[in-house]
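Have a look at target06.cif below; it lists mmCIF, C-alpha atoms.
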data_my_file
loop_
_atom_site.label_atom_id
_atom_site.label_comp_id
_atom_site.auth_asym_id
_atom_site.auth_seq_id
_atom_site.Cartn_x
_atom_site.Cartn_y
_atom_site.Cartn_z
CA MET A 1017 51.13 109.95 150.16
CA ALA A 1018 49.16 110.33 146.88
CA GLN A 1019 47.37 107.25 145.58
CA GLU A 1020 49.53 107.32 142.43
CA ASP A 1021 52.75 107.32 144.47
CA LEU A 1022 51.42 104.54 146.68
CA ALA A 1023 50.62 102.41 143.63
CA VAL A 1024 54.14 102.88 142.26
CA ASP A 1025 55.71 102.05 145.62
CA LEU A 1026 53.67 98.85 145.86
CA LEU A 1027 54.56 97.74 142.33
CA TRP A 1028 58.27 98.50 142.67
CA GLY A 1029 58.72 97.34 146.29
CA ASP A 1030 60.20 93.97 147.24
CA GLY A 1031 56.90 92.62 148.62
CA GLY A 1032 58.74 90.79 151.36
CA GLY A 1033 58.74 90.77 155.13
CA PRO A 1034 57.87 88.09 157.67
CA GLY A 1035 54.39 86.64 158.09
CA LEU A 1036 51.64 88.04 155.93
CA ASN A 1037 53.18 90.22 153.22
CA VAL A 1038 52.45 91.61 149.77
CA GLY A 1039 54.10 88.69 148.00
CA ARG A 1040 51.96 86.08 149.77
CA ILE A 1041 48.81 88.08 149.18
CA VAL A 1042 49.53 88.45 145.47
CA ARG A 1043 50.27 84.73 145.01
CA ALA A 1044 47.01 83.80 146.72
CA ALA A 1045 45.09 86.33 144.64
CA VAL A 1046 46.52 84.88 141.41
CA GLU A 1047 45.33 81.43 142.49
CA VAL A 1048 41.82 82.74 143.15
CA ALA A 1049 41.66 84.54 139.79
CA ASP A 1050 42.98 81.47 137.93
CA GLU A 1051 40.17 79.40 139.43
CA SER A 1052 37.27 81.87 139.42
CA GLY A 1053 38.22 84.65 137.01
CA LEU A 1054 38.75 88.27 137.86
CA ASP A 1055 35.05 88.76 138.56
CA GLY A 1056 35.34 86.15 141.31
CA LEU A 1057 38.27 87.90 142.97
CA SER A 1058 37.71 89.74 146.25
CA MET A 1059 39.84 90.72 149.19
CA ARG A 1060 37.67 88.47 151.36
CA LYS A 1061 38.30 85.38 149.22
CA VAL A 1062 42.03 86.03 149.18
CA ALA A 1063 42.05 86.48 152.94
CA GLU A 1064 40.15 83.22 153.46
CA ARG A 1065 42.68 81.36 151.33
CA LEU A 1066 45.48 82.70 153.49
CA GLY A 1067 43.65 82.13 156.77
CA TYR A 1068 43.39 85.81 157.67
CA THR A 1069 40.65 88.42 157.84
CA ALA A 1070 40.11 90.85 154.98
CA MET A 1071 41.15 93.72 157.27
CA SER A 1072 44.55 92.08 157.68
CA LEU A 1073 45.11 92.34 153.92
CA TYR A 1074 44.28 96.04 153.83
CA ARG A 1075 47.28 96.75 156.05
CA HIS A 1076 49.49 95.64 153.13
CA VAL A 1077 47.41 96.36 150.00
CA PRO A 1078 44.99 99.33 150.05
CA GLY A 1079 42.35 97.74 147.85
CA ARG A 1080 41.37 95.41 145.04
CA ASP A 1081 42.54 97.69 142.21
CA HIS A 1082 46.04 97.88 143.67
CA LEU A 1083 46.00 94.12 144.15
CA VAL A 1084 45.08 93.50 140.50
CA ASP A 1085 48.00 95.68 139.33
CA LEU A 1086 50.33 93.68 141.54
CA MET A 1087 48.91 90.39 140.19
CA ARG A 1088 49.44 91.53 136.62
CA ASP A 1089 53.08 92.37 137.18
CA ALA A 1090 53.67 89.15 139.12
CA VAL A 1091 52.47 86.86 136.31
CA LEU A 1092 54.34 88.86 133.66
CA ALA A 1093 57.53 87.58 135.28
CA GLU A 1094 56.67 84.22 133.70
CA SER A 1095 57.51 85.62 130.25
CA ALA A 1096 61.20 86.04 131.14
CA GLY A 1097 63.97 84.00 129.53
CA PRO A 1098 66.76 84.17 126.96
CA LEU A 1099 65.91 85.13 123.38
CA PRO A 1100 67.42 83.96 120.08
CA GLU A 1101 70.35 86.18 119.11
CA GLY A 1102 70.92 87.92 115.81
CA ASP A 1103 67.43 87.39 114.35
CA TRP A 1104 64.87 90.07 115.18
CA ARG A 1105 61.96 88.01 113.85
CA ALA A 1106 62.81 84.95 115.94
CA GLY A 1107 63.32 87.17 118.97
CA LEU A 1108 60.03 89.00 118.55
CA THR A 1109 58.21 85.71 117.92
CA ALA A 1110 59.63 84.35 121.19
CA CYS A 1111 58.51 87.48 123.08
CA ALA A 1112 54.98 87.25 121.68
CA ARG A 1113 54.61 83.52 122.27
CA ARG A 1114 55.83 83.77 125.85
CA MET A 1115 53.30 86.51 126.50
CA TRP A 1116 50.61 84.35 124.88
CA GLU A 1117 51.49 81.44 127.15
CA VAL A 1118 51.17 83.72 130.18
CA HIS A 1119 47.66 84.65 129.01
CA ARG A 1120 46.77 81.01 128.49
CA ARG A 1121 47.79 80.19 132.06
CA HIS A 1122 46.07 83.30 133.44
CA PRO A 1123 43.16 84.24 131.10
CA TRP A 1124 41.99 86.99 133.48
CA LEU A 1125 45.10 88.96 132.52
CA ALA A 1126 43.31 90.09 129.33
CA GLN A 1127 40.97 92.18 131.48
CA VAL A 1128 43.85 94.03 133.15
CA ARG A 1129 44.64 96.47 130.40
CA GLY A 1130 44.17 100.09 129.40
CA PRO A 1131 46.21 103.22 128.65
CA ARG A 1132 46.56 104.20 132.32
CA ARG A 1133 47.67 100.94 133.90
CA LEU A 1134 50.82 101.61 135.88
CA PRO A 1135 53.63 99.26 134.81
CA GLY A 1136 55.66 97.30 137.32
CA PRO A 1137 59.24 96.01 136.93
CA ASN A 1138 58.27 92.75 135.22
CA GLY A 1139 56.04 94.56 132.75
CA ILE A 1140 58.84 96.98 131.91
CA VAL A 1141 61.30 94.10 131.44
CA ALA A 1142 58.92 92.40 128.99
CA TYR A 1143 58.50 95.65 127.05
CA GLU A 1144 62.25 96.33 127.11
CA ARG A 1145 62.95 92.92 125.53
CA MET A 1146 60.63 93.67 122.61
CA LEU A 1147 62.15 97.10 122.08
CA ALA A 1148 65.69 95.72 122.24
CA VAL A 1149 64.91 93.11 119.58
CA LEU A 1150 63.63 95.76 117.17
CA ALA A 1151 66.17 98.47 118.04
CA GLY A 1152 68.87 96.55 116.16
CA THR A 1153 66.97 96.85 112.87
CA ALA A 1154 66.83 99.71 110.38
CA LEU A 1155 63.57 101.00 111.86
CA ALA A 1156 63.50 104.57 113.11
CA PRO A 1157 63.06 104.99 116.90
CA ALA A 1158 59.37 105.89 116.61
CA GLU A 1159 58.83 102.88 114.33
CA VAL A 1160 60.48 100.58 116.89
CA VAL A 1161 58.01 101.77 119.53
CA ALA A 1162 55.05 101.46 117.13
CA ALA A 1163 56.04 97.95 115.97
CA ALA A 1164 56.42 96.69 119.55
CA GLY A 1165 53.02 98.17 120.38
CA LEU A 1166 51.45 96.51 117.34
CA VAL A 1167 52.68 93.06 118.38
CA GLY A 1168 51.58 93.66 121.97
CA ARG A 1169 48.09 94.68 120.88
CA PHE A 1170 47.80 91.61 118.67
CA VAL A 1171 48.58 89.37 121.66
CA GLU A 1172 46.01 91.24 123.75
CA ALA A 1173 43.34 90.88 121.06
CA GLU A 1174 43.85 87.11 120.87
CA ALA A 1175 43.87 86.95 124.67
CA LEU A 1176 40.46 88.64 124.82
CA VAL A 1177 38.99 85.92 122.56
CA LEU A 1178 40.55 83.29 124.82
CA LEU A 1179 39.09 84.98 127.91
CA GLU A 1180 35.60 85.07 126.39
CA THR A 1181 35.82 81.35 125.61
CA VAL A 1182 37.02 80.47 129.12
CA GLU A 1183 34.31 82.57 130.77
CA ALA A 1184 31.58 81.05 128.59
CA GLU A 1185 32.77 77.54 129.48
CA ARG A 1186 32.90 78.43 133.18
CA ALA A 1187 29.39 79.91 133.13
CA SER A 1188 27.76 77.08 131.14
CA GLY A 1189 29.77 74.10 132.32
CA VAL A 1190 30.07 73.02 128.66
CA ASP A 1191 33.30 73.26 126.68
CA HIS A 1192 33.52 75.19 123.41
CA GLU A 1193 33.54 72.21 121.04
CA ARG A 1194 30.58 70.47 122.71
CA TRP A 1195 28.52 73.67 122.71
CA TRP A 1196 28.99 74.26 118.97
CA GLY A 1197 28.55 70.56 118.24
CA ALA A 1198 25.06 70.70 119.70
CA ARG A 1199 23.84 73.51 117.39
CA HIS A 1200 22.32 71.12 114.81
CA SER A 1201 19.39 73.38 113.99
CA LEU A 1202 21.78 76.17 112.97
CA TYR A 1203 23.76 74.02 110.55
CA ALA A 1204 20.56 73.09 108.70
CA HIS A 1205 20.29 76.71 107.52
CA LEU A 1206 23.88 77.21 106.31
CA ASP A 1207 23.63 75.45 102.94
CA ARG A 1208 22.00 78.58 101.46
CA TYR A 1209 25.39 80.38 101.65
CA PRO A 1210 27.49 79.19 98.66
CA THR A 1211 30.98 80.34 99.70
CA LEU A 1212 30.61 79.02 103.22
CA SER A 1213 29.20 75.73 101.93
CA ALA A 1214 32.00 75.31 99.37
CA LEU A 1215 34.70 75.92 101.95
CA TRP A 1216 32.97 73.44 104.26
CA ARG A 1217 32.91 70.77 101.53
CA ASP A 1218 36.53 71.46 100.61
CA GLY A 1219 37.68 70.86 104.19
CA GLY A 1220 38.35 74.48 105.12
CA PHE A 1221 36.92 73.89 108.59
CA ASP A 1222 38.22 70.36 109.14
CA ASP A 1223 41.66 71.30 110.45
CA PRO A 1224 41.58 74.94 111.59
CA LEU A 1225 44.82 76.88 111.57
CA ASP A 1226 46.39 78.04 114.80
CA THR A 1227 44.87 81.53 114.76
CA PHE A 1228 47.53 82.96 117.05
CA GLY A 1229 50.44 81.60 115.01
CA PHE A 1230 48.82 82.60 111.72
CA GLY A 1231 48.02 86.12 112.87
CA LEU A 1232 51.40 86.70 114.48
CA ALA A 1233 53.21 85.60 111.31
CA ARG A 1234 51.17 88.04 109.21
CA VAL A 1235 51.89 90.91 111.62
CA LEU A 1236 55.60 90.10 111.49
CA ASP A 1237 55.44 89.91 107.68
CA GLY A 1238 54.31 93.53 107.65
CA ILE A 1239 57.10 94.62 110.03
CA GLU A 1240 59.64 92.69 107.97
CA LEU A 1241 58.52 94.46 104.79
CA LEU A 1242 58.99 97.85 106.48
CA ILE A 1243 62.45 96.88 107.72
CA LYS A 1244 63.46 95.86 104.20
CA GLN A 1245 62.20 99.17 102.85
CA ARG A 1246 64.21 101.04 105.46
CA ASP A 1247 67.31 99.00 104.62
CA GLU A 1248 66.94 99.89 100.94
CA LYS A 1249 66.38 103.61 101.63
CA ARG A 1250 69.03 104.40 104.20
CA ASP A 1251 69.61 108.14 104.35
CA GLU A 1252 73.11 108.88 103.10
CA THR A 1253 73.29 112.52 104.28
CA CYS A 1254 73.72 113.97 107.77
CA ARG A 1255 70.54 115.50 109.21
CA THR A 1256 72.57 118.33 110.75
CA CYS A 1257 75.19 119.40 108.23
CA GLY A 1258 74.11 117.60 105.06
CA GLY A 1259 77.45 115.87 104.69
CA PRO A 1260 77.88 112.19 103.75
CA VAL A 1261 77.16 109.55 106.37
CA GLU A 1262 79.05 106.26 106.37
CA GLN A 1263 76.42 103.60 107.08
CA PRO A 1264 77.11 100.35 108.99
CA ALA A 1265 76.72 97.04 107.16
CA SER A 1266 73.90 96.02 109.52
CA GLY A 1267 71.82 97.37 112.37
CA ARG A 1268 70.22 100.77 112.68
CA PRO A 1269 71.18 103.43 110.12
CA ARG A 1270 73.18 106.44 111.24
CA ALA A 1271 71.47 109.81 110.91
CA TYR A 1272 74.55 111.94 111.62
CA CYS A 1273 78.06 112.02 110.23
CA SER A 1274 79.67 112.58 113.63
CA ARG A 1275 79.03 112.71 117.35
CA ALA A 1276 79.31 116.49 117.19
CA CYS A 1277 76.46 116.76 114.67
CA GLN A 1278 74.34 114.42 116.77
CA GLN A 1279 74.91 116.60 119.85
CA ARG A 1280 74.07 119.77 117.90
CA ALA A 1281 70.78 118.18 116.79
CA TYR A 1282 70.02 117.18 120.38
CA ARG A 1283 70.68 120.73 121.67
CA ARG A 1284 68.52 122.16 118.89
CA ARG A 1285 65.59 119.91 119.87
CA ARG A 1286 65.98 120.83 123.55
CA SER A 1287 66.04 124.56 122.84
CA GLY A 1288 63.29 124.46 120.21
#

Rewrite the coordinates I just gave you, this time as structure tokens.
Amino acid sequence: MAQEDLAVDLLWGDGGGPGLNVGRIVRAAVEVADESGLDGLSMRKVAERLGYTAMSLYRHVPGRDHLVDLMRDAVLAESAGPLPEGDWRAGLTACARRMWEVHRRHPWLAQVRGPRRLPGPNGIVAYERMLAVLAGTALAPAEVVAAAGLVGRFVEAEALVLLETVEAERASGVDHERWWGARHSLYAHLDRYPTLSALWRDGGFDDPLDTFGFGLARVLDGIELLIKQRDEKRDETCRTCGGPVEQPASGRPRAYCSRACQQRAYRRRRSG
């Protein structure tokens, strides 16, 4: 069996079975990564936590890379739950915040990313929820995909900052606030910068905004503006025959005047 097929089978299998099984191994691995970070994760450490030898684990999971993919999908299950109905912005906010909370509980997750990471069922469910929230708007299909990707990348960017902070605290044994509070010699040089000094005096740094909430709101503002533009510019003519299209009062605009025209457009794309 090819490595790619094996990875898919592992991600989409049930992980069950008596005794030592994939599910138990993944849960133990998540615990190790939560405590020590992804750099501190090894098959040996996971095996020790379970009371087995490392060779015993390899009978169920071929290696560390496969294990990390399984861990990622396992923790993404924590983002599940009902979403607000009828309000795309509230729904997308809930999706993003749930994903953010998963990253806060498991900061190592920010390292498990990239364009060729195979998705598992929980990852697909999380992505499906975001797409479903946006699919009911006036956005075109490609814009739905792009908007969901934009929100996902924003969450990942914030998660990387969180990961860097957690790793610095773990390495130094000093939390973020105490470390910056001890940089007295640096602050003595900052009064030569007028804008920075003025903002400091005016309290701009006294009560910092929630950077995740602030950034997410601004991203959603941009998506909302695009949705409003699409609502105002709904195409009134059929893309196939040029005839009039009766548009619904809400939801996605119709591009075709009839099912027959939609099918003709589909056949044309397939043959072209």

For segment 1046-1066 of chain A against segment 1103-1121 of chain A, with a cut-off of 12 Å and counting only C-alpha atoms, what is the closest atom pair and its distance in Å to one decimal for every residue that makes the cut, ordered by chain and number, as CSV?
residue,atom,partner,partner_atom,distance
A:Val1046,CA,A:Arg1121,CA,10.5
A:Glu1047,CA,A:Arg1121,CA,10.8
A:Ala1049,CA,A:Arg1121,CA,10.8
A:Asp1050,CA,A:Arg1121,CA,7.7
A:Glu1051,CA,A:Arg1121,CA,10.6
A:Gly1053,CA,A:Arg1121,CA,11.7

Identify the residues around (54.3, 87.8, 132.0) within a radius of 8 Å, measuring from all atoms listed in the file in the coordinates stated by the file, and give them as a list in words.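 So the residues meeting the distance criterion are Arg1088, Asp1089, Ala1090, Val1091, Leu1092, Ala1093, Glu1094, Ser1095, Ala1096, Arg1114, Met1115, Val1118, His1119, Asn1138, Gly1139 and Ala1142 of chain A.
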
Taking the file as I've supplied it (selection: the PyMOL selection byres ((chain A and resi 1163) around 12)), which residues are included? Please answer as a PyMOL selection string. chain A and resi 1104-1105+1108+1143+1146-1151+1153+1155-1162+1164-1170+1235-1243

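Nearest to Tyr1068 of chain A of all the residues A:Val1048, A:Ala1187, A:Asp1055, A:Gly1035 is A:Gly1035, counting only C-alpha atoms.
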
Which is closer to Arg1145 of chain A than all the others in A:Pro1123, A:Gly1097, A:Gly1189, A:Gly1056, using all atoms listed in the file?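 Going through A:Pro1123, A:Gly1097, A:Gly1189, A:Gly1056 one by one, the smallest distance to Arg1145 of chain A is for A:Gly1097.
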
Quick check, in Å to one decimal: how far apart do atom CA of Gly1079 of chain A and atom CA of Met1059 of chain A lie?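 Computing it gives 7.6 Å between the two atoms.
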
Within 12 Å of segment 1070-1074 of chain A using only C-alpha atoms, minus same-chain residues under 2 positions, as a ChimeraX atom specification: /A:1035-1042,1044-1045,1058-1068,1076-1083

If the PyMOL selection byres ((chain A and resi 1131-1134) around 10) is run on the structure shown, which residues does it catch, given as a VMD selection string? chain A and resid 1020 1023 to 1024 1027 1082 1085 to 1086 1088 to 1089 1128 to 1130 1135 to 1136 1139

Two-atom distance - atom CA of Leu1206 of chain A, atom CA of Phe1228 of chain A (Å):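 So the answer is 26.6 Å.
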